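Engineer: Data file model08.txt (compact mmCIF, N, CA and C atoms) is appended below.
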# COMPACT_ATOMS: atom_id res chain seq x y z
N MET S 539 -57.82 -20.16 52.72
CA MET S 539 -56.96 -19.12 52.18
C MET S 539 -57.67 -18.38 51.05
N GLU S 540 -57.70 -17.08 51.16
CA GLU S 540 -58.33 -16.28 50.12
C GLU S 540 -57.35 -15.95 49.01
N ASN S 541 -57.84 -15.99 47.82
CA ASN S 541 -57.05 -15.61 46.66
C ASN S 541 -57.82 -14.50 45.95
N PRO S 542 -57.60 -13.25 46.37
CA PRO S 542 -58.38 -12.16 45.79
C PRO S 542 -58.04 -11.97 44.31
N ILE S 543 -59.07 -11.79 43.53
CA ILE S 543 -58.91 -11.54 42.09
C ILE S 543 -58.98 -10.04 41.88
N LYS S 544 -57.94 -9.52 41.26
CA LYS S 544 -57.87 -8.08 41.01
C LYS S 544 -58.35 -7.80 39.60
N LYS S 545 -59.28 -6.87 39.49
CA LYS S 545 -59.79 -6.48 38.18
C LYS S 545 -58.75 -5.65 37.45
N SER S 546 -58.70 -5.85 36.15
CA SER S 546 -57.76 -5.10 35.33
C SER S 546 -58.32 -3.71 35.05
N GLU S 547 -57.44 -2.75 34.98
CA GLU S 547 -57.81 -1.38 34.61
C GLU S 547 -57.92 -1.23 33.09
N PHE S 548 -57.43 -2.21 32.39
CA PHE S 548 -57.37 -2.22 30.94
C PHE S 548 -58.54 -3.07 30.44
N LYS S 549 -59.43 -2.50 29.62
CA LYS S 549 -60.65 -3.20 29.22
C LYS S 549 -60.75 -3.35 27.71
N PHE S 550 -61.07 -4.56 27.29
CA PHE S 550 -61.37 -4.83 25.89
C PHE S 550 -62.79 -4.37 25.63
N ILE S 551 -62.98 -3.44 24.69
CA ILE S 551 -64.30 -2.89 24.41
C ILE S 551 -64.99 -3.64 23.28
N ASN S 552 -64.29 -3.74 22.15
CA ASN S 552 -64.91 -4.32 20.97
C ASN S 552 -63.85 -4.56 19.91
N PHE S 553 -64.25 -5.23 18.85
CA PHE S 553 -63.36 -5.41 17.70
C PHE S 553 -64.21 -5.36 16.44
N LEU S 554 -63.53 -5.14 15.33
CA LEU S 554 -64.20 -5.24 14.03
C LEU S 554 -63.21 -5.76 13.01
N ILE S 555 -63.74 -6.39 12.00
CA ILE S 555 -62.93 -6.82 10.87
C ILE S 555 -63.07 -5.72 9.83
N SER S 556 -61.98 -4.99 9.59
CA SER S 556 -62.05 -3.85 8.68
C SER S 556 -61.78 -4.23 7.22
N ARG S 557 -61.16 -5.39 7.03
CA ARG S 557 -60.86 -5.84 5.66
C ARG S 557 -60.63 -7.34 5.70
N SER S 558 -61.12 -8.04 4.68
CA SER S 558 -60.79 -9.47 4.58
C SER S 558 -60.86 -9.92 3.13
N GLU S 559 -60.01 -10.86 2.81
CA GLU S 559 -59.97 -11.46 1.48
C GLU S 559 -59.68 -12.93 1.66
N LEU S 560 -60.40 -13.75 0.92
CA LEU S 560 -60.26 -15.20 1.03
C LEU S 560 -60.14 -15.77 -0.38
N ILE S 561 -59.12 -16.57 -0.59
CA ILE S 561 -58.93 -17.24 -1.88
C ILE S 561 -58.80 -18.74 -1.60
N ARG S 562 -59.66 -19.52 -2.26
CA ARG S 562 -59.60 -20.98 -2.11
C ARG S 562 -59.68 -21.60 -3.49
N ILE S 563 -58.80 -22.55 -3.74
CA ILE S 563 -58.82 -23.28 -4.99
C ILE S 563 -59.22 -24.72 -4.65
N PRO S 564 -60.39 -25.15 -5.13
CA PRO S 564 -60.91 -26.46 -4.73
C PRO S 564 -60.32 -27.64 -5.50
N LYS S 565 -58.99 -27.74 -5.50
CA LYS S 565 -58.34 -28.86 -6.16
C LYS S 565 -57.57 -29.65 -5.12
N GLY S 566 -57.86 -30.92 -5.01
CA GLY S 566 -57.11 -31.76 -4.09
C GLY S 566 -57.43 -31.47 -2.64
N LYS S 567 -56.68 -32.09 -1.78
CA LYS S 567 -56.88 -31.97 -0.33
C LYS S 567 -56.07 -30.80 0.20
N GLU S 568 -56.74 -29.99 1.02
CA GLU S 568 -56.02 -28.90 1.67
C GLU S 568 -55.17 -29.46 2.80
N GLN S 569 -54.09 -28.81 3.07
CA GLN S 569 -53.18 -29.25 4.12
C GLN S 569 -53.50 -28.54 5.41
N ASP S 570 -52.87 -28.98 6.48
CA ASP S 570 -53.08 -28.34 7.77
C ASP S 570 -51.89 -27.48 8.18
N GLU S 571 -50.96 -27.27 7.28
CA GLU S 571 -49.79 -26.45 7.59
C GLU S 571 -49.94 -25.10 6.91
N TYR S 572 -49.85 -24.05 7.72
CA TYR S 572 -50.06 -22.71 7.21
C TYR S 572 -48.89 -21.82 7.58
N ASP S 573 -48.58 -20.91 6.66
CA ASP S 573 -47.66 -19.83 6.97
C ASP S 573 -48.52 -18.68 7.47
N ILE S 574 -48.18 -18.17 8.64
CA ILE S 574 -48.96 -17.09 9.24
C ILE S 574 -48.05 -15.90 9.49
N SER S 575 -48.49 -14.75 9.01
CA SER S 575 -47.74 -13.51 9.18
C SER S 575 -48.65 -12.51 9.89
N ILE S 576 -48.12 -11.86 10.91
CA ILE S 576 -48.91 -10.87 11.66
C ILE S 576 -48.13 -9.56 11.71
N VAL S 577 -48.77 -8.50 11.28
CA VAL S 577 -48.17 -7.16 11.35
C VAL S 577 -49.08 -6.32 12.26
N PRO S 578 -48.58 -5.98 13.45
CA PRO S 578 -49.39 -5.19 14.37
C PRO S 578 -49.09 -3.69 14.25
N SER S 579 -50.10 -2.89 14.56
CA SER S 579 -49.90 -1.45 14.69
C SER S 579 -50.90 -0.94 15.72
N GLY S 580 -50.58 0.21 16.30
CA GLY S 580 -51.43 0.72 17.36
C GLY S 580 -51.58 2.22 17.32
N LEU S 581 -52.64 2.67 17.97
CA LEU S 581 -52.90 4.09 18.13
C LEU S 581 -53.34 4.30 19.58
N ILE S 582 -52.62 5.16 20.28
CA ILE S 582 -52.98 5.50 21.65
C ILE S 582 -53.64 6.88 21.60
N ALA S 583 -54.95 6.90 21.85
CA ALA S 583 -55.71 8.16 21.86
C ALA S 583 -55.88 8.56 23.32
N LYS S 584 -54.96 9.39 23.81
CA LYS S 584 -54.95 9.77 25.22
C LYS S 584 -56.22 10.50 25.63
N LYS S 585 -56.71 11.37 24.78
CA LYS S 585 -57.90 12.17 25.11
C LYS S 585 -59.11 11.26 25.38
N ASN S 586 -59.28 10.23 24.55
CA ASN S 586 -60.41 9.32 24.68
C ASN S 586 -60.11 8.11 25.55
N LYS S 587 -58.85 7.99 25.97
CA LYS S 587 -58.39 6.86 26.78
C LYS S 587 -58.65 5.53 26.08
N ILE S 588 -58.33 5.50 24.78
CA ILE S 588 -58.54 4.31 23.95
C ILE S 588 -57.22 3.90 23.31
N PHE S 589 -56.96 2.60 23.38
CA PHE S 589 -55.86 2.02 22.61
C PHE S 589 -56.50 1.24 21.48
N GLN S 590 -56.11 1.57 20.25
CA GLN S 590 -56.65 0.89 19.06
C GLN S 590 -55.55 0.01 18.48
N LEU S 591 -55.76 -1.28 18.50
CA LEU S 591 -54.79 -2.23 17.97
C LEU S 591 -55.28 -2.76 16.64
N THR S 592 -54.41 -2.72 15.64
CA THR S 592 -54.73 -3.30 14.33
C THR S 592 -53.79 -4.47 14.09
N LEU S 593 -54.37 -5.61 13.76
CA LEU S 593 -53.59 -6.79 13.38
C LEU S 593 -53.88 -7.10 11.92
N GLN S 594 -52.84 -7.05 11.09
CA GLN S 594 -52.95 -7.48 9.70
C GLN S 594 -52.41 -8.90 9.66
N VAL S 595 -53.29 -9.84 9.37
CA VAL S 595 -52.95 -11.25 9.41
C VAL S 595 -53.03 -11.83 8.01
N GLN S 596 -51.93 -12.44 7.60
CA GLN S 596 -51.85 -13.12 6.30
C GLN S 596 -51.67 -14.61 6.58
N VAL S 597 -52.49 -15.43 5.95
CA VAL S 597 -52.40 -16.88 6.13
C VAL S 597 -52.36 -17.50 4.75
N SER S 598 -51.40 -18.40 4.54
CA SER S 598 -51.36 -19.13 3.27
C SER S 598 -50.98 -20.57 3.53
N GLU S 599 -51.57 -21.43 2.73
CA GLU S 599 -51.29 -22.84 2.84
C GLU S 599 -50.01 -23.15 2.06
N LYS S 600 -49.30 -24.15 2.50
CA LYS S 600 -48.02 -24.49 1.86
C LYS S 600 -48.21 -24.78 0.37
N ASN S 601 -49.32 -25.45 -0.02
CA ASN S 601 -49.53 -25.76 -1.43
C ASN S 601 -50.29 -24.66 -2.18
N GLU S 602 -50.50 -23.53 -1.52
CA GLU S 602 -51.09 -22.32 -2.09
C GLU S 602 -52.51 -22.51 -2.61
N ARG S 603 -53.25 -23.44 -2.04
CA ARG S 603 -54.66 -23.61 -2.41
C ARG S 603 -55.56 -22.76 -1.52
N PHE S 604 -54.97 -22.15 -0.50
CA PHE S 604 -55.74 -21.31 0.41
C PHE S 604 -54.89 -20.10 0.80
N LYS S 605 -55.51 -18.93 0.71
CA LYS S 605 -54.88 -17.70 1.17
C LYS S 605 -55.96 -16.83 1.82
N ALA S 606 -55.60 -16.23 2.92
CA ALA S 606 -56.52 -15.30 3.59
C ALA S 606 -55.73 -14.09 4.05
N SER S 607 -56.38 -12.95 3.95
CA SER S 607 -55.81 -11.71 4.44
C SER S 607 -56.91 -11.02 5.24
N VAL S 608 -56.63 -10.79 6.52
CA VAL S 608 -57.63 -10.21 7.41
C VAL S 608 -57.00 -9.05 8.17
N GLU S 609 -57.73 -7.96 8.26
CA GLU S 609 -57.30 -6.83 9.09
C GLU S 609 -58.36 -6.66 10.17
N ALA S 610 -57.93 -6.84 11.42
CA ALA S 610 -58.83 -6.71 12.56
C ALA S 610 -58.39 -5.54 13.41
N VAL S 611 -59.37 -4.83 13.95
CA VAL S 611 -59.09 -3.69 14.81
C VAL S 611 -59.77 -3.94 16.16
N GLY S 612 -58.98 -3.88 17.22
CA GLY S 612 -59.51 -4.03 18.57
C GLY S 612 -59.43 -2.72 19.32
N PHE S 613 -60.41 -2.47 20.15
CA PHE S 613 -60.48 -1.23 20.91
C PHE S 613 -60.41 -1.55 22.40
N PHE S 614 -59.48 -0.91 23.08
CA PHE S 614 -59.24 -1.14 24.50
C PHE S 614 -59.30 0.19 25.24
N GLN S 615 -59.87 0.17 26.42
CA GLN S 615 -59.99 1.39 27.23
C GLN S 615 -59.04 1.30 28.41
N PHE S 616 -58.50 2.45 28.78
CA PHE S 616 -57.59 2.50 29.93
C PHE S 616 -57.86 3.77 30.73
N PRO S 617 -57.63 3.73 32.05
CA PRO S 617 -57.87 4.92 32.88
C PRO S 617 -56.67 5.88 32.81
N ASP S 618 -56.92 7.13 33.22
CA ASP S 618 -55.85 8.14 33.24
C ASP S 618 -54.76 7.80 34.24
N ASP S 619 -55.15 7.29 35.38
CA ASP S 619 -54.22 7.14 36.48
C ASP S 619 -53.50 5.78 36.54
N VAL S 620 -53.54 5.01 35.47
CA VAL S 620 -52.90 3.70 35.48
C VAL S 620 -51.37 3.86 35.35
N ASN S 621 -50.65 2.97 35.98
CA ASN S 621 -49.19 2.94 35.93
C ASN S 621 -48.73 2.78 34.49
N LYS S 622 -47.82 3.64 34.05
CA LYS S 622 -47.34 3.63 32.65
C LYS S 622 -46.69 2.29 32.27
N ASP S 623 -45.90 1.69 33.18
CA ASP S 623 -45.27 0.39 32.89
C ASP S 623 -46.32 -0.70 32.72
N LEU S 624 -47.33 -0.67 33.56
CA LEU S 624 -48.40 -1.66 33.48
C LEU S 624 -49.18 -1.47 32.19
N LEU S 625 -49.43 -0.24 31.82
CA LEU S 625 -50.14 0.07 30.59
C LEU S 625 -49.37 -0.42 29.37
N THR S 626 -48.07 -0.24 29.39
CA THR S 626 -47.22 -0.72 28.30
C THR S 626 -47.34 -2.23 28.15
N THR S 627 -47.36 -2.94 29.26
CA THR S 627 -47.53 -4.39 29.22
C THR S 627 -48.88 -4.75 28.60
N PHE S 628 -49.92 -4.05 29.01
CA PHE S 628 -51.24 -4.32 28.45
C PHE S 628 -51.26 -4.06 26.95
N PHE S 629 -50.74 -2.91 26.52
CA PHE S 629 -50.76 -2.55 25.11
C PHE S 629 -50.00 -3.55 24.25
N TYR S 630 -48.77 -3.80 24.62
CA TYR S 630 -47.86 -4.52 23.73
C TYR S 630 -47.78 -6.02 23.96
N THR S 631 -48.29 -6.51 25.07
CA THR S 631 -48.27 -7.95 25.32
C THR S 631 -49.67 -8.53 25.31
N ASN S 632 -50.56 -7.98 26.12
CA ASN S 632 -51.88 -8.57 26.29
C ASN S 632 -52.85 -8.29 25.14
N ALA S 633 -52.83 -7.09 24.59
CA ALA S 633 -53.81 -6.72 23.56
C ALA S 633 -53.75 -7.66 22.34
N PRO S 634 -52.57 -7.95 21.77
CA PRO S 634 -52.55 -8.89 20.64
C PRO S 634 -53.06 -10.28 21.02
N ALA S 635 -52.73 -10.73 22.22
CA ALA S 635 -53.18 -12.04 22.67
C ALA S 635 -54.69 -12.09 22.88
N ILE S 636 -55.29 -10.96 23.20
CA ILE S 636 -56.75 -10.88 23.36
C ILE S 636 -57.44 -10.83 22.00
N LEU S 637 -56.89 -10.09 21.05
CA LEU S 637 -57.54 -9.89 19.75
C LEU S 637 -57.38 -11.07 18.80
N PHE S 638 -56.24 -11.75 18.80
CA PHE S 638 -55.98 -12.79 17.81
C PHE S 638 -57.01 -13.93 17.81
N PRO S 639 -57.50 -14.40 18.95
CA PRO S 639 -58.51 -15.47 18.90
C PRO S 639 -59.77 -15.08 18.11
N TYR S 640 -60.11 -13.80 18.08
CA TYR S 640 -61.24 -13.35 17.28
C TYR S 640 -60.93 -13.49 15.78
N VAL S 641 -59.69 -13.24 15.41
CA VAL S 641 -59.28 -13.40 14.02
C VAL S 641 -59.32 -14.88 13.65
N ARG S 642 -58.83 -15.73 14.53
CA ARG S 642 -58.88 -17.19 14.30
C ARG S 642 -60.31 -17.65 14.10
N ALA S 643 -61.22 -17.20 14.97
CA ALA S 643 -62.62 -17.61 14.89
C ALA S 643 -63.27 -17.08 13.60
N TYR S 644 -62.92 -15.86 13.22
CA TYR S 644 -63.46 -15.27 11.99
C TYR S 644 -63.04 -16.11 10.78
N ILE S 645 -61.76 -16.44 10.68
CA ILE S 645 -61.27 -17.24 9.55
C ILE S 645 -61.92 -18.61 9.56
N SER S 646 -62.06 -19.22 10.70
CA SER S 646 -62.70 -20.53 10.80
C SER S 646 -64.16 -20.46 10.34
N SER S 647 -64.89 -19.47 10.81
CA SER S 647 -66.30 -19.32 10.42
C SER S 647 -66.45 -19.02 8.94
N LEU S 648 -65.64 -18.10 8.44
CA LEU S 648 -65.72 -17.71 7.04
C LEU S 648 -65.42 -18.90 6.12
N THR S 649 -64.39 -19.65 6.45
CA THR S 649 -64.05 -20.80 5.61
C THR S 649 -65.08 -21.91 5.74
N ALA S 650 -65.66 -22.09 6.91
CA ALA S 650 -66.70 -23.11 7.08
C ALA S 650 -67.93 -22.78 6.23
N LEU S 651 -68.22 -21.49 6.07
CA LEU S 651 -69.37 -21.06 5.28
C LEU S 651 -69.07 -20.99 3.79
N SER S 652 -67.82 -21.23 3.40
CA SER S 652 -67.44 -21.10 1.99
C SER S 652 -67.74 -22.36 1.18
N GLY S 653 -68.28 -23.39 1.83
CA GLY S 653 -68.62 -24.60 1.11
C GLY S 653 -67.50 -25.64 1.09
N MET S 654 -66.40 -25.32 1.71
CA MET S 654 -65.29 -26.26 1.80
C MET S 654 -64.98 -26.48 3.27
N GLU S 655 -64.02 -27.32 3.53
CA GLU S 655 -63.65 -27.61 4.91
C GLU S 655 -63.17 -26.36 5.65
N ALA S 656 -63.54 -26.28 6.93
CA ALA S 656 -63.13 -25.12 7.74
C ALA S 656 -61.62 -25.13 7.95
N VAL S 657 -61.03 -23.95 7.96
CA VAL S 657 -59.61 -23.79 8.25
C VAL S 657 -59.50 -23.37 9.71
N ASN S 658 -58.85 -24.19 10.50
CA ASN S 658 -58.66 -23.91 11.92
C ASN S 658 -57.18 -23.63 12.17
N LEU S 659 -56.87 -22.37 12.39
CA LEU S 659 -55.48 -21.98 12.63
C LEU S 659 -55.05 -22.45 14.01
N PRO S 660 -53.78 -22.73 14.16
CA PRO S 660 -53.28 -23.11 15.49
C PRO S 660 -53.22 -21.90 16.41
N THR S 661 -53.19 -22.17 17.70
CA THR S 661 -52.97 -21.08 18.64
C THR S 661 -51.53 -20.61 18.48
N ILE S 662 -51.31 -19.35 18.72
CA ILE S 662 -49.98 -18.76 18.55
C ILE S 662 -49.63 -17.96 19.79
N ASN S 663 -48.39 -18.09 20.23
CA ASN S 663 -47.91 -17.30 21.36
C ASN S 663 -47.56 -15.90 20.84
N LEU S 664 -48.39 -14.93 21.20
CA LEU S 664 -48.20 -13.57 20.71
C LEU S 664 -47.45 -12.69 21.71
N THR S 665 -46.74 -13.30 22.63
CA THR S 665 -45.99 -12.52 23.62
C THR S 665 -44.51 -12.45 23.28
N SER S 666 -44.16 -12.75 22.03
CA SER S 666 -42.75 -12.73 21.66
C SER S 666 -42.21 -11.31 21.67
N LYS S 667 -40.93 -11.18 21.96
CA LYS S 667 -40.27 -9.87 21.98
C LYS S 667 -40.31 -9.22 20.60
N GLU S 668 -40.17 -10.04 19.54
CA GLU S 668 -40.15 -9.50 18.18
C GLU S 668 -41.49 -8.82 17.85
N LEU S 669 -42.60 -9.49 18.19
CA LEU S 669 -43.92 -8.91 17.92
C LEU S 669 -44.14 -7.66 18.77
N GLN S 670 -43.72 -7.70 20.02
CA GLN S 670 -43.85 -6.54 20.90
C GLN S 670 -43.07 -5.34 20.35
N GLU S 671 -41.84 -5.59 19.93
CA GLU S 671 -41.01 -4.51 19.39
C GLU S 671 -41.61 -3.94 18.10
N GLN S 672 -42.15 -4.82 17.28
CA GLN S 672 -42.79 -4.37 16.04
C GLN S 672 -44.00 -3.49 16.36
N LEU S 673 -44.79 -3.90 17.36
CA LEU S 673 -45.95 -3.11 17.76
C LEU S 673 -45.53 -1.77 18.37
N ILE S 674 -44.51 -1.78 19.19
CA ILE S 674 -44.00 -0.53 19.78
C ILE S 674 -43.59 0.43 18.68
N ASN S 675 -42.87 -0.08 17.68
CA ASN S 675 -42.39 0.76 16.58
C ASN S 675 -43.52 1.24 15.67
N ASN S 676 -44.63 0.50 15.64
CA ASN S 676 -45.76 0.83 14.77
C ASN S 676 -46.92 1.48 15.52
N THR S 677 -46.65 2.01 16.71
CA THR S 677 -47.70 2.66 17.50
C THR S 677 -47.46 4.17 17.54
N ILE S 678 -48.53 4.89 17.32
CA ILE S 678 -48.45 6.35 17.42
C ILE S 678 -49.36 6.82 18.55
N GLU S 679 -49.03 7.96 19.10
CA GLU S 679 -49.82 8.55 20.18
C GLU S 679 -50.41 9.87 19.72
N GLU S 680 -51.66 10.08 20.10
CA GLU S 680 -52.25 11.40 19.86
C GLU S 680 -52.91 11.87 21.15
N ASN S 681 -52.96 13.16 21.32
CA ASN S 681 -53.53 13.72 22.54
C ASN S 681 -55.02 13.73 22.54
Just give me the structure as structure tokens.

Structural biologist:
Amino acid sequence: MENPIKKSEFKFINFLISRSELIRIPKGKEQDEYDISIVPSGLIAKKNKIFQLTLQVQVSEKNERFKASVEAVGFFQFPDDVNKDLLTTFFYTNAPAILFPYVRAYISSLTALSGMEAVNLPTINLTSKELQEQLINNTIEEN
């Protein structure tokens, strides 16, 4: 039985970390419980066929010995003739799930190089309706 794999019309091009701040206080043992806040926003550039996703991620430890603030920007390409409903799914569901692991890896690498124990954030389900609605409301379109 053949199981054909269909290529996506939506392509992840690249990402960059546009801003980051790290605060660590080397007193006592750091905990593994973190408060994580994610504020998404998007830009749909129809002329260039690019979706630009920005994730502003705030992470703080319960005992406040660690705080990180990272702004990551992901760039995604889409074709002109793609189904609008499918494109909406890609923008508001898949794009954050694709970009967030890069933010996790960045925070882990940065903290590992800071001379203290690496901070490894848990995986997060970014397909929640609340996050999608927030991204929809924070997305602008330009021609």

Engineer: Tell me, as a PyMOL selection string, which residues lie within 6 Å of segment 678-681 of chain S, counting only N, CA and C atoms; anything in the same chain fewer than 4 positions away does not count.

Structural biologist: chain S and resi 580-586

Engineer: Pick out the closest residue to Asn663 of chain S from this set: S:Phe604, S:Pro634, S:Ser556, S:Thr677. Count all atoms listed in the file.

Structural biologist: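 The answer is S:Pro634, which sits nearest to Asn663 of chain S.
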
Engineer: Determine, counting only N, CA and C atoms, which protein, DNA and RNA residues have an atom within 6 Å of an atom of Tyr572 of chain S; residues of the same chain fewer than 5 positions away are not included. Present the result as a VMD selection string.

Structural biologist: chain S and resid 598 to 600

Engineer: Counting only C-alpha atoms, which of S:Ile588, S:Ile563, S:Ile574, S:Ile543 gets nearest to Val641 of chain S?

Structural biologist: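 With only C-alpha atoms as the atom set, the closest residue is S:Ile574.
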
Engineer: For the structure I just gave you, how does DSSP split segment 585-650 of chain S - specifically, which residues are strand (DSSP E or B)? Reply as a ChimeraX atom specification.

Structural biologist: /S:588-599,604-615

Engineer: Using all atoms listed in the file, find the one residue out of S:Gly653, S:Lys622, S:Gln594, S:Lys565 that sits nearest to Ser579 of chain S.

Structural biologist: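 Closest candidate: S:Gln594.
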
Engineer: Which residues are close to Ile561 of chain S, i.e. within 6.5 Å by only N, CA and C atoms, leaving aside same-chain residues fewer than 3 positions away? Reply as a list in words.

Structural biologist: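 That gives Arg603, Phe604, Lys605, Ala606 and Ser607 of chain S.
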
Engineer: Can you tell me, as number ranges by chain, what residues are no more than 12 Å from Glu668 of chain S when counting only C-alpha atoms, ignoring any on the same chain fewer than 5 positions away?

Structural biologist: S: 576-578, 630-631, 663, 673-675

Engineer: Segment 606-624 of chain S, all listed atoms, 3 Å padding on each side: what axis-aligned box centre and edge lengths in Å to one decimal come out, as JSON?

Structural biologist:
{"center_x": -52.9, "center_y": -4.0, "center_z": 19.7, "size_x": 21.2, "size_y": 30.4, "size_z": 39.6}

Engineer: Kindly give the distance, in Å, that separates atom CA of Phe553 of chain S and atom CA of Glu655 of chain S, rounded to a single decimal.

Structural biologist: 25.6 Å

Engineer: Using only C-alpha atoms, determine which residues lie at most 10 Å from Ser652 of chain S, disregarding the query and same-chain residues fewer than 5 positions distant; provide the list as number ranges by chain.

Structural biologist: S: 560, 562, 647

Engineer: Can you build me a table of segment 541-583 of chain S residues sitting at most 6.5 Å from segment 609-618 of chain S, with the closest atom pair per residue and its distance in Å to one decimal, using only N, CA and C atoms, sorted by chain and residue number, as a tab-separated table?

Structural biologist:
residue	atom	partner	partner_atom	distance
S:Glu547	C	S:Phe616	CA	4.9
S:Phe548	CA	S:Gln615	C	4.6
S:Lys549	C	S:Gln615	N	3.9
S:Phe550	CA	S:Phe614	CA	4.5
S:Ile551	N	S:Phe613	C	3.9
S:Asn552	C	S:Phe613	N	4.0
S:Phe553	CA	S:Val611	C	4.2
S:Leu554	N	S:Val611	C	4.0
S:Ile555	CA	S:Ala610	CA	4.4
S:Ser556	N	S:Glu609	C	4.0
S:Arg557	C	S:Glu609	N	3.9
S:Ser558	N	S:Glu609	N	4.9

Engineer: Where in segment 582-629 of chain S does DSSP assign helix (DSSP H, G or I), given as a list in words?

Structural biologist: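 After running DSSP on the backbone, segment 582-629 of chain S has helix (DSSP H, G or I) at Lys622, Asp623, Leu624, Leu625, Thr626, Thr627, Phe628 and Phe629 of chain S.
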
Engineer: How far is it from atom C of Asp573 of chain S to atom CA of Gln596 of chain S, in Å with one decimal?

Structural biologist: 6.6 Å

Engineer: Would you please work out which residue, of S:Thr627, S:Ala633, S:Val608, S:Lys545, is nearest to Leu591 of chain S when using only N, CA and C atoms?

Structural biologist: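 Of the candidates, the smallest distance to Leu591 of chain S is held by S:Ala633.
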